[in-house]
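Student: First the structure, which I've put down as structure tokens, then a few questions once you've had a look.
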Amino acid sequence: MRLTKDVRKQLLEQNEGFSTRTSYSGKNFSEARTYTITGGELRVRASGDTSWADSRYTRDYVADEEQTHRYLYDNLGLLDQDNVFEGRAARPKRPSEPVASVDGLAEDDAYDGDDSDSIGEQFDDATSGLSDRLVVIGALVLAAGGLAYVFGRPVWDDRVKPAIERRRTKREQRKTAAVSDREGTKTRDGVPEDKG
């Protein structure tokens, strides 16, 4: 789930009263924080002390957008996420119509064997625009693919293939150089071996 501004707002409103507590303790510093969702905001109460004698403190503040985002992201599994709208509009489904209702046919009309007024012809008339569009779209896709092949082939042969071959050659040269370096620097107990 993407935590957009609207989703964060909805999560804060939906989880009114949710609270968690964290604490940190170091060598010279300790702090306890209480995070509470109230009024559509994330409120933080931090109290702690340092090694100084008069260093106890308590702060109350409202978390900014970044802190709120981080908190919601870290605690998403604990929060109530039911009915959270993620910003994507739901596409309404098209109502399904029976074939017999196309072009004003009644459901009780049946095929009686007469070809002059058959349901098939009336159905063809209703869907012929769709099939014509599909044929045109298919032809355009094939034409675009053919053009891409015809014009893309010289680019592949003239530019891409040689670049791939150059990279392979350089990679092999680096491998052989690394192997020869390893062979030349073999040591025993930190002292290079004599080769003679």
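Ordering of the structure tokens sets the chain letters (A, B, ...), residue numbers begin anew at 1 in every chain, and ligands are numbered from 1 in the order given.
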Counting only C-alpha atoms, what is within 8 Å of region 46-53 of chain A, bar same-chain residues fewer than 2 positions away, as a list in words?

Tutor: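 Neighbouring residues, sequence-local ones excluded: Asn28, Phe29, Ser30, Glu31, Ala32, Arg33, Thr34, Val44, Ser55, Arg56, Tyr57, Thr58, Arg59 and Asp60 of chain A.
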
Student: Those selected residues, please, written with C-alpha atoms and delivered as a CSV table (one decimal), in the first residue's frame.

Tutor:
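selection37.csv was written with the following content:
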chain,number,residue,atom,x,y,z
A,28,ASN,CA,24.8,8.9,28.6
A,29,PHE,CA,21.2,9.3,27.3
A,30,SER,CA,17.9,7.6,27.6
A,31,GLU,CA,14.5,8.5,26.1
A,32,ALA,CA,11.0,7.0,26.1
A,33,ARG,CA,8.5,8.1,23.5
A,34,THR,CA,4.7,7.6,23.4
A,44,VAL,CA,4.5,12.4,20.3
A,55,SER,CA,18.8,17.2,32.3
A,56,ARG,CA,15.4,15.6,32.6
A,57,TYR,CA,12.9,16.8,30.0
A,58,THR,CA,9.4,16.1,28.7
A,59,ARG,CA,8.3,17.4,25.3
A,60,ASP,CA,4.9,17.1,23.6

Student: Rank A:Gly77, A:Gly39, A:Gly17, A:Gly145 by their smallest atom-to-atom distance to Val62 (chain A), using only C-alpha atoms, and report the top residue only.

Tutor: A:Gly39

Student: Identify, on the basis of only C-alpha atoms, every residue whose closest approach to Asp64 (chain A) does not exceed 10 Å; exclude the query and any residue fewer than 5 positions from it along the same chain; express the result as a PyMOL selection string.

Tutor: chain A and resi 41-43+69

Student: Would you kindly return, as a ChimeraX atom specification, each protein, DNA or RNA residue with an atom no farther than 8 Å from any atom of Arg8 (chain A), considering only C-alpha atoms and excluding same-chain residues fewer than 5 positions away?

Tutor: /A:3,68-69,72

Student: Env of Asn83 (chain A): 12 Å cut, atoms = only C-alpha atoms, seq-sep filter 4 positions within chain, self excluded. Answer as a list in words.

Tutor: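 Counting only C-alpha atoms, the residues come to Val7, Gln10, Leu11, Glu13, Gln14 and Gly87 of chain A.
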
Student: Can you measure CA of Leu78 (chain A) to CA of Thr22 (chain A) for me? One decimal in Å is fine.

Tutor: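 So the answer is 14.8 Å.
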